[in-house]
file coords_35.txt (compact mmCIF, C-alpha atoms and all ligand atoms)
# COMPACT_ATOMS: atom_id res chain seq x y z
CA MET A 1 -1.97 2.65 -44.67
CA ILE A 2 0.22 1.14 -41.98
CA THR A 3 -0.39 2.44 -38.46
CA THR A 4 1.47 1.69 -35.24
CA PHE A 5 -0.42 0.80 -32.07
CA GLN A 6 0.61 0.27 -28.44
CA ILE A 7 0.03 -3.13 -26.86
CA ARG A 8 -0.13 -3.34 -23.05
CA LEU A 9 0.27 -6.61 -21.17
CA GLU A 10 -1.62 -6.98 -17.90
CA PRO A 11 -1.14 -7.46 -15.00
CA ALA A 12 2.60 -6.63 -15.03
CA GLY A 13 2.19 -3.62 -17.32
CA GLY A 14 4.79 -4.30 -20.03
CA SER A 15 4.12 -2.56 -23.33
CA PHE A 16 5.43 -2.52 -26.87
CA ALA A 17 4.61 -1.11 -30.29
CA CYS A 18 2.98 -3.19 -33.02
CA ARG A 19 2.35 -2.19 -36.66
CA SER A 20 -1.04 -2.89 -38.19
CA ASP A 21 0.60 -5.25 -40.72
CA GLN A 22 2.36 -7.30 -37.99
CA THR A 23 1.02 -10.00 -35.71
CA VAL A 24 0.95 -9.22 -32.00
CA LEU A 25 3.22 -12.22 -31.38
CA ASP A 26 5.87 -11.10 -33.87
CA ALA A 27 5.94 -7.60 -32.39
CA ALA A 28 6.06 -8.97 -28.83
CA VAL A 29 8.98 -11.28 -29.53
CA GLU A 30 10.78 -8.50 -31.42
CA ALA A 31 10.38 -6.28 -28.35
CA GLY A 32 11.69 -9.01 -26.01
CA TYR A 33 8.35 -10.24 -24.60
CA TRP A 34 8.30 -14.01 -25.04
CA LEU A 35 4.53 -14.53 -25.16
CA PRO A 36 3.41 -18.17 -24.99
CA HIS A 37 3.06 -19.76 -28.41
CA SER A 38 3.77 -22.91 -30.30
CA CYS A 39 2.56 -23.65 -33.86
CA ARG A 40 2.47 -20.03 -35.09
CA GLY A 41 -0.17 -21.20 -37.55
CA GLY A 42 -3.28 -20.34 -35.57
CA SER A 43 -4.27 -23.93 -34.89
CA CYS A 44 -2.81 -25.03 -31.54
CA GLY A 45 -4.37 -22.26 -29.43
CA SER A 46 -1.37 -21.94 -27.10
CA CYS A 47 -0.90 -18.26 -27.98
CA MET A 48 -4.51 -17.36 -27.08
CA LEU A 49 -4.78 -14.38 -24.69
CA ALA A 50 -7.79 -12.54 -23.27
CA LEU A 51 -8.41 -9.26 -25.08
CA VAL A 52 -9.25 -6.79 -22.32
CA ALA A 53 -9.55 -3.74 -24.59
CA GLY A 54 -9.11 -2.88 -28.25
CA GLU A 55 -9.75 -4.48 -31.61
CA VAL A 56 -7.79 -7.01 -33.62
CA GLN A 57 -8.19 -8.58 -37.02
CA HIS A 58 -7.29 -12.22 -37.42
CA SER A 59 -5.65 -13.25 -40.68
CA ALA A 60 -7.54 -15.06 -43.42
CA ALA A 61 -5.60 -18.25 -42.70
CA GLU A 62 -6.82 -18.11 -39.13
CA GLN A 63 -10.42 -17.88 -40.27
CA ALA A 64 -9.97 -21.29 -41.91
CA THR A 65 -7.95 -23.08 -39.26
CA ALA A 66 -8.47 -21.57 -35.87
CA VAL A 67 -12.01 -20.36 -35.45
CA SER A 68 -12.85 -23.49 -33.50
CA THR A 69 -9.95 -22.81 -31.11
CA LEU A 70 -10.82 -19.18 -30.42
CA VAL A 71 -12.70 -18.37 -27.24
CA ALA A 72 -14.91 -15.27 -27.24
CA GLY A 73 -13.13 -12.19 -25.89
CA HIS A 74 -9.73 -13.66 -26.74
CA CYS A 75 -7.27 -13.41 -29.59
CA LEU A 76 -4.66 -15.69 -31.11
CA THR A 77 -1.56 -13.52 -30.92
CA CYS A 78 0.22 -15.42 -33.70
CA GLN A 79 -2.56 -14.40 -36.12
CA ALA A 80 -4.01 -11.20 -34.67
CA GLN A 81 -3.05 -7.82 -36.09
CA PRO A 82 -4.02 -4.74 -34.10
CA ARG A 83 -6.66 -2.32 -35.33
CA SER A 84 -6.38 -0.10 -32.23
CA ASP A 85 -4.25 0.10 -29.08
CA LEU A 86 -4.72 -3.17 -27.17
CA VAL A 87 -4.75 -4.37 -23.57
CA LEU A 88 -4.09 -8.11 -23.28
CA GLU A 89 -4.24 -10.31 -20.20
CA ALA A 90 -0.86 -12.04 -20.14
CA PRO A 91 -0.34 -13.59 -16.70
CA GLY A 92 3.26 -14.47 -16.04
CA MET A 93 4.77 -11.86 -18.35
CA ALA A 94 7.26 -9.57 -16.64
CA ALA A 95 6.93 -5.79 -16.92
CA GLU A 96 10.32 -5.43 -18.54
CA PRO A 97 11.24 -7.05 -21.82
CA GLY A 98 13.87 -9.73 -21.67
CA GLN A 99 13.10 -10.62 -18.08
CA ARG A 100 11.94 -14.18 -17.61
CA VAL A 101 9.32 -15.11 -15.04
CA VAL A 102 10.75 -18.03 -13.08
CA LYS A 103 8.95 -20.72 -11.10
CA ALA A 104 11.18 -22.34 -8.51
CA ALA A 105 11.38 -24.02 -5.13
CA ALA A 106 13.27 -21.58 -2.91
CA ARG A 107 14.98 -22.67 0.28
CA VAL A 108 14.49 -20.61 3.45
CA MET A 109 17.96 -19.62 4.69
CA ALA A 110 17.10 -17.49 7.74
CA VAL A 111 14.11 -16.14 9.63
CA THR A 112 14.33 -13.22 12.04
CA ARG A 113 11.59 -11.36 13.89
CA PRO A 114 12.60 -7.72 14.39
CA SER A 115 9.21 -6.76 15.89
CA ALA A 116 6.06 -8.28 17.37
CA ASP A 117 4.47 -8.60 13.94
CA VAL A 118 7.18 -8.41 11.28
CA VAL A 119 9.26 -11.34 10.13
CA ILE A 120 12.28 -11.03 7.82
CA VAL A 121 12.58 -14.10 5.63
CA LYS A 122 15.71 -14.79 3.59
CA VAL A 123 15.39 -17.38 0.88
CA GLN A 124 17.67 -18.66 -1.85
CA VAL A 125 16.57 -19.62 -5.33
CA PRO A 126 18.63 -22.45 -6.89
CA ALA A 127 21.20 -21.19 -9.42
CA GLN A 128 19.77 -23.32 -12.26
CA ALA A 129 16.43 -21.47 -12.06
CA GLY A 130 18.06 -18.35 -13.55
CA TRP A 131 16.32 -16.06 -11.05
CA GLN A 132 16.91 -12.34 -11.57
CA PHE A 133 15.02 -9.27 -10.40
CA LYS A 134 15.19 -5.50 -10.33
CA ALA A 135 15.10 -3.45 -7.14
CA GLY A 136 11.45 -2.66 -6.36
CA GLN A 137 9.94 -5.83 -7.85
CA TYR A 138 8.05 -8.56 -6.00
CA ALA A 139 7.71 -12.33 -6.09
CA GLU A 140 4.71 -14.53 -5.41
CA VAL A 141 4.63 -17.38 -2.91
CA VAL A 142 2.43 -20.13 -4.33
CA LEU A 143 0.46 -21.86 -1.57
CA ARG A 144 -0.56 -25.55 -1.63
CA ASP A 145 -3.96 -24.85 -3.21
CA GLY A 146 -2.37 -22.64 -5.89
CA THR A 147 -3.39 -19.29 -4.35
CA ARG A 148 -0.66 -16.72 -4.20
CA ARG A 149 0.69 -14.05 -1.91
CA SER A 150 2.99 -11.30 -3.14
CA TYR A 151 6.07 -10.06 -1.28
CA SER A 152 8.45 -7.33 -2.38
CA MET A 153 12.15 -8.04 -2.47
CA ALA A 154 13.86 -5.88 0.18
CA ASN A 155 17.44 -6.58 -0.88
CA ALA A 156 19.53 -5.53 -3.85
CA PRO A 157 19.62 -7.81 -6.90
CA ASN A 158 22.48 -10.28 -6.65
CA GLU A 159 24.07 -13.19 -8.51
CA GLN A 160 23.47 -15.68 -5.69
CA GLY A 161 19.67 -15.91 -6.05
CA GLU A 162 19.16 -14.42 -2.59
CA ILE A 163 15.85 -12.82 -1.70
CA GLU A 164 14.83 -10.98 1.47
CA TRP A 165 11.16 -10.39 2.30
CA HIS A 166 9.64 -8.33 5.12
CA VAL A 167 6.29 -9.90 6.00
CA ARG A 168 3.80 -8.35 8.40
CA ARG A 169 1.74 -10.88 10.37
CA ILE A 170 -1.97 -10.38 9.59
CA GLU A 171 -4.14 -12.04 12.24
CA GLY A 172 -6.35 -14.65 10.56
CA GLY A 173 -4.34 -14.58 7.32
CA ARG A 174 -3.43 -17.71 5.36
CA PHE A 175 0.28 -17.16 4.84
CA SER A 176 1.66 -14.34 6.96
CA PRO A 177 0.89 -15.94 10.38
CA HIS A 178 2.55 -19.13 9.13
CA ALA A 179 5.57 -17.10 8.03
CA TYR A 180 5.79 -15.35 11.40
CA ASP A 181 4.96 -18.28 13.70
CA ALA A 182 6.33 -21.36 11.98
CA LEU A 183 8.59 -20.72 9.01
CA LYS A 184 12.16 -21.89 9.67
CA ALA A 185 15.51 -22.33 7.95
CA ARG A 186 15.59 -25.18 5.40
CA ASP A 187 11.85 -25.01 4.63
CA LEU A 188 10.97 -24.87 0.93
CA LEU A 189 8.62 -22.32 -0.65
CA ARG A 190 7.25 -22.43 -4.18
CA ILE A 191 7.79 -19.02 -5.70
CA GLU A 192 7.16 -17.31 -9.01
CA GLY A 193 8.43 -13.99 -10.28
CA PRO A 194 9.68 -11.40 -10.59
CA PHE A 195 6.74 -9.08 -11.21
CA GLY A 196 6.05 -5.38 -11.03
CA ASP A 197 7.59 -2.16 -12.24
CA PHE A 198 8.05 -0.24 -9.00
CA THR A 199 11.60 0.52 -10.11
CA LEU A 200 13.60 3.75 -9.94
CA LYS A 201 12.83 5.73 -13.07
CA PRO A 202 15.61 7.60 -14.86
CA GLY A 203 16.03 11.33 -14.41
CA SER A 204 17.53 13.82 -12.05
CA ALA A 205 14.34 14.79 -10.18
CA PRO A 206 14.56 14.80 -6.38
CA VAL A 207 12.76 11.83 -4.88
CA ILE A 208 10.23 11.29 -2.10
CA LEU A 209 10.12 7.69 -0.85
CA LEU A 210 6.91 6.99 1.03
CA ALA A 211 6.28 3.78 2.96
CA SER A 212 3.79 2.45 5.45
CA GLY A 213 4.83 -0.56 7.57
CA THR A 214 6.37 -3.31 5.44
CA GLY A 215 5.84 -1.07 2.41
CA TYR A 216 9.39 -0.14 3.36
CA ALA A 217 10.62 -3.45 1.80
CA PRO A 218 10.89 -2.46 -1.88
CA ILE A 219 12.12 0.97 -0.82
CA ALA A 220 14.93 -0.72 1.13
CA ALA A 221 15.82 -2.47 -2.14
CA LEU A 222 15.81 0.86 -4.02
CA LEU A 223 18.05 2.42 -1.36
CA ALA A 224 20.44 -0.54 -1.28
CA THR A 225 20.70 -0.60 -5.08
CA HIS A 226 20.57 3.09 -6.02
CA GLY A 227 21.90 4.77 -2.85
CA ALA A 228 24.49 6.89 -4.65
CA GLU A 229 22.05 8.01 -7.38
CA LEU A 230 19.33 8.83 -4.84
CA ALA A 231 21.81 10.79 -2.74
CA ALA A 232 22.89 12.79 -5.80
CA ARG A 233 19.26 13.52 -6.77
CA GLY A 234 18.29 14.26 -3.16
CA ALA A 235 15.87 11.82 -1.52
CA THR A 236 13.77 11.74 1.64
CA LEU A 237 12.22 8.57 3.03
CA TYR A 238 9.01 9.15 4.97
CA TRP A 239 8.28 5.90 6.79
CA GLY A 240 4.97 5.61 8.62
CA GLY A 241 3.78 3.23 11.32
CA ARG A 242 1.51 3.33 14.31
CA ARG A 243 4.39 3.28 16.79
CA PRO A 244 8.22 3.05 16.79
CA SER A 245 8.30 -0.76 16.79
CA ASP A 246 6.47 -0.74 13.42
CA LEU A 247 9.57 0.83 11.86
CA TYR A 248 11.46 -2.37 12.49
CA ALA A 249 14.64 -1.44 10.53
CA LEU A 250 14.89 2.24 11.36
CA ASP A 251 18.10 2.12 13.37
CA SER A 252 20.05 0.02 10.89
CA GLU A 253 18.74 2.04 7.93
CA ALA A 254 19.60 5.36 9.54
CA ALA A 255 23.11 4.11 10.41
CA TRP A 256 23.63 2.78 6.88
CA LEU A 257 22.44 6.04 5.36
CA ASP A 258 25.04 8.01 7.31
CA ARG A 259 27.27 7.48 4.29
CA TYR A 260 24.74 9.28 2.05
CA PRO A 261 24.18 12.85 3.29
CA GLY A 262 21.82 13.39 0.34
CA ILE A 263 19.27 10.93 1.76
CA LYS A 264 17.15 11.76 4.81
CA ILE A 265 14.74 9.62 6.84
CA VAL A 266 11.63 10.99 8.51
CA PRO A 267 9.79 8.47 10.75
CA VAL A 268 6.10 9.27 11.23
CA TYR A 269 3.94 7.69 13.94
CA SER A 270 0.18 7.78 13.64
CA GLU A 271 -0.31 6.98 17.32
CA GLY A 272 1.83 9.86 18.49
CA ASN A 273 5.41 10.65 19.25
CA ALA A 274 7.87 8.39 21.05
CA GLU A 275 11.52 7.39 21.25
CA THR A 276 13.37 6.74 18.02
CA GLY A 277 16.77 5.51 17.04
CA ALA A 278 19.68 7.18 15.26
CA GLN A 279 19.48 10.87 14.40
CA ALA A 280 16.09 10.60 12.81
CA SER A 281 13.68 13.46 13.50
CA VAL A 282 10.27 12.27 14.63
CA ARG A 283 6.79 13.27 13.44
CA SER A 284 3.24 12.27 14.26
CA GLY A 285 0.11 11.88 12.15
CA PHE A 286 -0.44 10.51 8.67
CA VAL A 287 2.75 9.78 6.78
CA HIS A 288 1.60 11.45 3.54
CA GLN A 289 0.60 14.55 5.49
CA ALA A 290 4.18 14.86 6.79
CA VAL A 291 5.35 15.06 3.18
CA LEU A 292 2.86 17.85 2.47
CA ASP A 293 3.91 19.68 5.63
CA ASP A 294 7.50 19.71 4.35
CA HIS A 295 6.85 20.23 0.63
CA ALA A 296 4.37 22.85 -0.52
CA ASP A 297 5.60 22.30 -4.08
CA LEU A 298 6.23 18.81 -5.44
CA SER A 299 6.07 19.82 -9.10
CA ALA A 300 9.73 18.92 -9.68
CA HIS A 301 9.71 15.64 -7.68
CA GLN A 302 9.21 11.95 -8.33
CA VAL A 303 7.32 10.09 -5.59
CA TYR A 304 7.61 6.34 -4.90
CA ALA A 305 4.92 5.10 -2.50
CA CYS A 306 4.42 1.60 -1.17
CA GLY A 307 2.23 -0.19 1.39
CA ASN A 308 -1.32 0.47 2.54
CA PRO A 309 -3.60 1.11 -0.49
CA LEU A 310 -5.53 3.84 1.38
CA MET A 311 -2.32 5.72 2.14
CA ILE A 312 -1.28 5.44 -1.49
CA ASP A 313 -4.63 6.72 -2.81
CA ALA A 314 -4.61 9.64 -0.37
CA ALA A 315 -1.00 10.51 -1.19
CA LYS A 316 -1.57 10.54 -4.95
CA ALA A 317 -4.80 12.57 -4.69
CA GLU A 318 -3.39 15.16 -2.29
CA PHE A 319 0.11 15.47 -3.74
CA THR A 320 -1.29 16.14 -7.21
CA ALA A 321 -4.14 18.41 -6.08
CA ARG A 322 -2.36 20.39 -3.35
CA ALA A 323 1.34 20.32 -4.21
CA GLY A 324 1.38 20.21 -8.01
CA LEU A 325 2.94 16.74 -8.33
CA LYS A 326 2.68 15.55 -11.94
CA PRO A 327 0.46 12.44 -11.96
CA ASP A 328 2.98 10.55 -14.11
CA CYS A 329 5.68 11.21 -11.50
CA PHE A 330 3.83 9.18 -8.85
CA PHE A 331 4.86 5.52 -8.77
CA SER A 332 3.34 3.03 -6.36
CA ASP A 333 2.92 -0.57 -5.29
CA ALA A 334 -0.20 -1.05 -3.17
CA PHE A 335 -0.33 -4.06 -0.85
CA VAL A 336 -3.84 -5.07 -1.91
CA PHE A 337 -5.16 -8.39 -0.56
CA ARG A 338 -6.04 -11.28 -2.79
CA ALA A 339 -9.24 -13.17 -1.88
C1 LIG B 401 2.44 -6.23 -5.14
C2 LIG B 401 2.29 -6.62 -3.67
C3 LIG B 401 3.40 -6.66 -2.86
C4 LIG B 401 3.27 -7.00 -1.51
N1 LIG B 401 4.38 -7.00 -0.73
C5 LIG B 401 4.25 -7.25 0.60
C6 LIG B 401 5.40 -7.16 1.46
O1 LIG B 401 6.54 -6.92 1.03
N2 LIG B 401 5.20 -7.39 2.79
C7 LIG B 401 3.97 -7.66 3.32
O2 LIG B 401 3.88 -7.84 4.55
N3 LIG B 401 2.87 -7.76 2.52
C8 LIG B 401 2.98 -7.56 1.18
N4 LIG B 401 1.88 -7.67 0.38
C9 LIG B 401 0.61 -8.18 0.95
C10 LIG B 401 0.68 -9.73 0.93
O3 LIG B 401 0.72 -10.20 -0.42
C11 LIG B 401 -0.52 -10.41 1.61
O4 LIG B 401 -1.72 -9.83 1.11
C12 LIG B 401 -0.50 -10.28 3.12
O5 LIG B 401 0.72 -10.83 3.63
C13 LIG B 401 -1.69 -11.05 3.74
O6 LIG B 401 -1.62 -12.41 3.34
P1 LIG B 401 -2.25 -13.54 4.29
O7 LIG B 401 -2.27 -14.82 3.49
O8 LIG B 401 -1.57 -13.60 5.61
O9 LIG B 401 -3.72 -13.01 4.56
P2 LIG B 401 -5.03 -13.35 3.73
O10 LIG B 401 -5.37 -14.80 3.91
O11 LIG B 401 -4.84 -12.86 2.33
O12 LIG B 401 -6.11 -12.42 4.42
C14 LIG B 401 -6.82 -12.80 5.57
C15 LIG B 401 -7.65 -11.64 6.06
O13 LIG B 401 -6.80 -10.57 6.47
C16 LIG B 401 -7.17 -9.37 5.80
N5 LIG B 401 -5.90 -8.75 5.39
C17 LIG B 401 -5.03 -9.23 4.47
N6 LIG B 401 -3.96 -8.42 4.37
C18 LIG B 401 -4.17 -7.39 5.25
C19 LIG B 401 -3.42 -6.24 5.60
N7 LIG B 401 -2.22 -5.95 5.01
N8 LIG B 401 -3.93 -5.43 6.55
C20 LIG B 401 -5.11 -5.70 7.15
N9 LIG B 401 -5.86 -6.77 6.87
C21 LIG B 401 -5.41 -7.61 5.92
C22 LIG B 401 -7.97 -9.77 4.57
O14 LIG B 401 -8.99 -8.83 4.32
C23 LIG B 401 -8.56 -11.07 4.98
O15 LIG B 401 -9.82 -10.88 5.57
C24 LIG B 401 2.00 -7.33 -0.97
C25 LIG B 401 0.88 -7.31 -1.80
C26 LIG B 401 1.01 -6.96 -3.13
C27 LIG B 401 -0.21 -6.95 -4.01
call {"tool": "encode", "arguments": {"input": "coords_35.txt", "output": "structure tokens"}}
result
Amino acid sequence: MITTFQIRLEPAGGSFACRSDQTVLDAAVEAGYWLPHSCRGGSCGSCMLALVAGEVQHSAAEQATAVSTLVAGHCLTCQAQPRSDLVLEAPGMAAEPGQRVVKAAARVMAVTRPSADVVIVKVQVPAQAGWQFKAGQYAEVVLRDGTRRSYSMANAPNEQGEIEWHVRRIEGGRFSPHAYDALKARDLLRIEGPFGDFTLKPGSAPVILLASGTGYAPIAALLATHGAELAARGATLYWGGRRPSDLYALDSEAAWLDRYPGIKIVPVYSEGNAETGAQASVRSGFVHQAVLDDHADLSAHQVYACGNPLMIDAAKAEFTARAGLKPDCFFSDAFVFRA
């Protein structure tokens, strides 16, 4: 009997269906995920991926030719047929089918410092790299030793290969102090991306946008790209920082949003109240608490949260437990550190 299983690709989170009489590679390519491969005969090993969860059966041909190539805990996707749902480690695969992950040298076009610890970096990816992204995704900066730092695109997708990042300077960090203190126009950065699926999901549900600090970056991209849709659905941005200067783009965002009466901004300061710009109304305390103060019932909402991982965990736990938010209506990108 032929059964259909779901295959999930980590870390980006793309997924597709695969029949039990199909190879994982065939199903992936059919679905628009161009997994690495070469010979398709089970002998070169280039399609080998780590099997994080689930069971596969390799074809009889593979038993003869590829056993020597196969590393324990891995599968050869050109030969493996699923016997359960699978989770595969596929670094470099985008979350969305048909979207290529690009490696490129991007040129820094402009660097501005809107606050004492946030730098806005604009870079341009050369046209021949074929760089494309969706609002809400991030790119990785590849450092000299190959380690990576992730930064969310803060601008709307465009044909010119332009990217804007908002980087908070972390004292003692490898990359962010360099970005704040030394990065300048004409410098080159090795980048790879796009990654992530923190994108606006379809529907008509009203939206809560929740950001701490530079967690505002991908939300700025969502606003710039989907302003009219968010206004029609009804959206409120709760943006949290310790003090007003942490909300480094508040005035310009509030002015820009004047054209969308359906979108509101609520700045929230954890170190107490102070002056703000535009017509924004000011709140103090934890940013996720401000949402709960305003919304006893979130059962009809979608929530998009980005920034500090502790804020995101608290928001998800409390919104679902106390305000009836459906867990699958909470979308987030946590700024976790990489060792
Ligand atoms: C998907 C994703 C998207 C991201 N997008 C952005 C973004 O748009 N803007 C942005 O500013 N950052 C973003 N980050 C975080 C970013 O990738 C880096 O982790 C951050 O800039 C620190 O890098 P670093 O090299 O300066 O510090 P590291 O060398 O990584 O860290 C040095 C020390 O600082 C500590 N540290 C690192 N980060 C923080 C922090 N945020 N707060 C407190 N202590 C810290 C670490 O524990 C470590 O001890 C994102 C992270 C992820 C996973």
call {"tool": "residues_near_ligand", "arguments": {"input": "coords_35.txt", "ligand": "ligand LIG 401 (chain B)", "cutoff": "9 Å", "atoms": "all atoms listed in the file", "output": "PyMOL selection string"}}
result
chain A and resi 118-119+137-141+148-154+165-179+195-196+213-218+306-308+333-339
call {"tool": "residues_around", "arguments": {"input": "coords_35.txt", "residues": "Glu159 of chain A", "least_positions_apart": "3", "cutoff": "9 Å", "atoms": "all atoms listed in the file", "output": "PDB file with C-alpha atoms, keeping the file's coordinate frame"}}
result
ATOM      1  CA  ALA A 127      21.200 -21.190  -9.420  1.00  0.00           C
ATOM      2  CA  TRP A 131      16.320 -16.060 -11.050  1.00  0.00           C
ATOM      3  CA  GLN A 132      16.910 -12.340 -11.570  1.00  0.00           C
ATOM      4  CA  GLU A 162      19.160 -14.420  -2.590  1.00  0.00           C
TER       5      GLU A 162
END
call {"tool": "atom_distance", "arguments": {"input": "coords_35.txt", "atom1": "atom CA of Ile263 of chain A", "atom2": "atom CA of Ala12 of chain A"}}
result
29.5 Å
call {"tool": "residues_around", "arguments": {"input": "coords_35.txt", "residues": "Leu183 of chain A", "least_positions_apart": "2", "cutoff": "9 Å", "atoms": "only C-alpha atoms", "output": "PyMOL selection string"}}
result
chain A and resi 108+111+121+178-181+185+187
call {"tool": "residues_around", "arguments": {"input": "coords_35.txt", "residues": "Leu35 of chain A", "least_positions_apart": "4", "cutoff": "8 Å", "atoms": "all atoms listed in the file", "output": "PyMOL selection string"}}
result
chain A and resi 25+28-29+47+90+93
call {"tool": "closest_residue", "arguments": {"input": "coords_35.txt", "among": "A:Arg83, A:Arg243, A:Arg259, A:Lys134", "to": "Lys201 of chain A", "atoms": "all atoms listed in the file"}}
result
A:Lys134
call {"tool": "atom_distance", "arguments": {"input": "coords_35.txt", "atom1": "atom CA of Ala317 of chain A", "atom2": "atom CA of Ser284 of chain A"}}
result
20.6 Å
call {"tool": "atom_distance", "arguments": {"input": "coords_35.txt", "atom1": "atom CA of Ile163 of chain A", "atom2": "atom CA of Gln124 of chain A"}}
result
6.1 Å
call {"tool": "residues_near_point", "arguments": {"input": "coords_35.txt", "point": "(4.7, -12.5, -32.8)", "cutoff": "12 Å", "atoms": "only C-alpha atoms", "output": "NGL selection string"}}
result
:A and (16-19 or 21-42 or 47-48 or 76-82)
call {"tool": "closest_residue", "arguments": {"input": "coords_35.txt", "among": "A:Glu271, A:Asp145, A:Asp313, A:Glu192", "to": "Val102 of chain A", "atoms": "all atoms listed in the file"}}
result
A:Glu192
call {"tool": "residues_near_point", "arguments": {"input": "coords_35.txt", "point": "(6.4, 21.0, -5.3)", "cutoff": "10 Å", "atoms": "only C-alpha atoms", "output": "VMD selection string"}}
result
chain A and resid 292 294 to 302 319 to 320 322 to 326
call {"tool": "axis_aligned_box", "arguments": {"input": "coords_35.txt", "around": "segment 104-123 of chain A", "padding_each_side": "6 Å", "output": "lines of an AutoDock Vina configuration file"}}
result
center_x = 11.2
center_y = -15.4
center_z = 4.4
size_x = 25.5
size_y = 29.3
size_z = 37.9
call {"tool": "closest_residue", "arguments": {"input": "coords_35.txt", "among": "A:His226, A:Arg100, A:His74, A:Lys316", "to": "Cys329 of chain A", "atoms": "only C-alpha atoms"}}
result
A:Lys316
call {"tool": "closest_residue", "arguments": {"input": "coords_35.txt", "among": "A:Thr236, A:Ser15, A:Ser252, A:Ser270", "to": "Glu89 of chain A", "atoms": "only C-alpha atoms"}}
result
A:Ser15
call {"tool": "closest_residue", "arguments": {"input": "coords_35.txt", "among": "A:Leu49, A:Leu86, A:Ala110, A:Met1", "to": "Ala72 of chain A", "atoms": "all atoms listed in the file"}}
result
A:Leu49
call {"tool": "build_atoms", "arguments": {"input": "coords_35.txt", "residues": "segment 183-188 of chain A", "atoms": "all heavy atoms", "output": "mmCIF file, in the coordinates of the input"}}
result
data_model
loop_
_atom_site.group_PDB
_atom_site.id
_atom_site.type_symbol
_atom_site.label_atom_id
_atom_site.label_comp_id
_atom_site.auth_asym_id
_atom_site.auth_seq_id
_atom_site.Cartn_x
_atom_site.Cartn_y
_atom_site.Cartn_z
ATOM 1 N N LEU A 183 7.601 -20.545 10.073
ATOM 2 C CA LEU A 183 8.590 -20.720 9.010
ATOM 3 C C LEU A 183 9.989 -20.813 9.627
ATOM 4 O O LEU A 183 10.306 -20.070 10.559
ATOM 5 C CB LEU A 183 8.517 -19.536 8.050
ATOM 6 C CG LEU A 183 9.002 -19.789 6.622
ATOM 7 C CD1 LEU A 183 8.154 -20.850 5.923
ATOM 8 C CD2 LEU A 183 8.932 -18.486 5.827
ATOM 9 N N LYS A 184 10.817 -21.734 9.100
ATOM 10 C CA LYS A 184 12.160 -21.890 9.670
ATOM 11 C C LYS A 184 13.167 -22.201 8.569
ATOM 12 O O LYS A 184 12.770 -22.582 7.448
ATOM 13 C CB LYS A 184 12.170 -22.986 10.742
ATOM 14 C CG LYS A 184 11.674 -24.310 10.253
ATOM 15 C CD LYS A 184 11.571 -25.311 11.393
ATOM 16 C CE LYS A 184 11.248 -26.709 10.859
ATOM 17 N NZ LYS A 184 10.163 -26.759 9.866
ATOM 18 N N ALA A 185 14.438 -22.054 8.918
ATOM 19 C CA ALA A 185 15.510 -22.330 7.950
ATOM 20 C C ALA A 185 15.355 -23.741 7.425
ATOM 21 O O ALA A 185 14.968 -24.652 8.161
ATOM 22 C CB ALA A 185 16.864 -22.154 8.633
ATOM 23 N N ARG A 186 15.638 -23.930 6.149
ATOM 24 C CA ARG A 186 15.590 -25.180 5.400
ATOM 25 C C ARG A 186 14.201 -25.500 4.828
ATOM 26 O O ARG A 186 14.066 -26.398 4.013
ATOM 27 C CB ARG A 186 16.106 -26.387 6.206
ATOM 28 C CG ARG A 186 17.532 -26.177 6.727
ATOM 29 C CD ARG A 186 18.007 -27.364 7.549
ATOM 30 N NE ARG A 186 18.058 -28.596 6.756
ATOM 31 C CZ ARG A 186 19.006 -28.881 5.884
ATOM 32 N NH1 ARG A 186 19.985 -28.034 5.672
ATOM 33 N NH2 ARG A 186 19.009 -30.016 5.221
ATOM 34 N N ASP A 187 13.156 -24.794 5.259
ATOM 35 C CA ASP A 187 11.850 -25.010 4.630
ATOM 36 C C ASP A 187 11.932 -24.637 3.150
ATOM 37 O O ASP A 187 12.779 -23.823 2.750
ATOM 38 C CB ASP A 187 10.772 -24.119 5.285
ATOM 39 C CG ASP A 187 10.352 -24.643 6.656
ATOM 40 O OD1 ASP A 187 10.812 -25.744 7.032
ATOM 41 O OD2 ASP A 187 9.593 -23.938 7.340
ATOM 42 N N LEU A 188 11.023 -25.220 2.355
ATOM 43 C CA LEU A 188 10.970 -24.870 0.930
ATOM 44 C C LEU A 188 9.691 -24.094 0.651
ATOM 45 O O LEU A 188 8.641 -24.392 1.221
ATOM 46 C CB LEU A 188 10.949 -26.146 0.073
ATOM 47 C CG LEU A 188 12.290 -26.860 -0.113
ATOM 48 C CD1 LEU A 188 12.101 -28.143 -0.910
ATOM 49 C CD2 LEU A 188 13.308 -25.961 -0.814
#
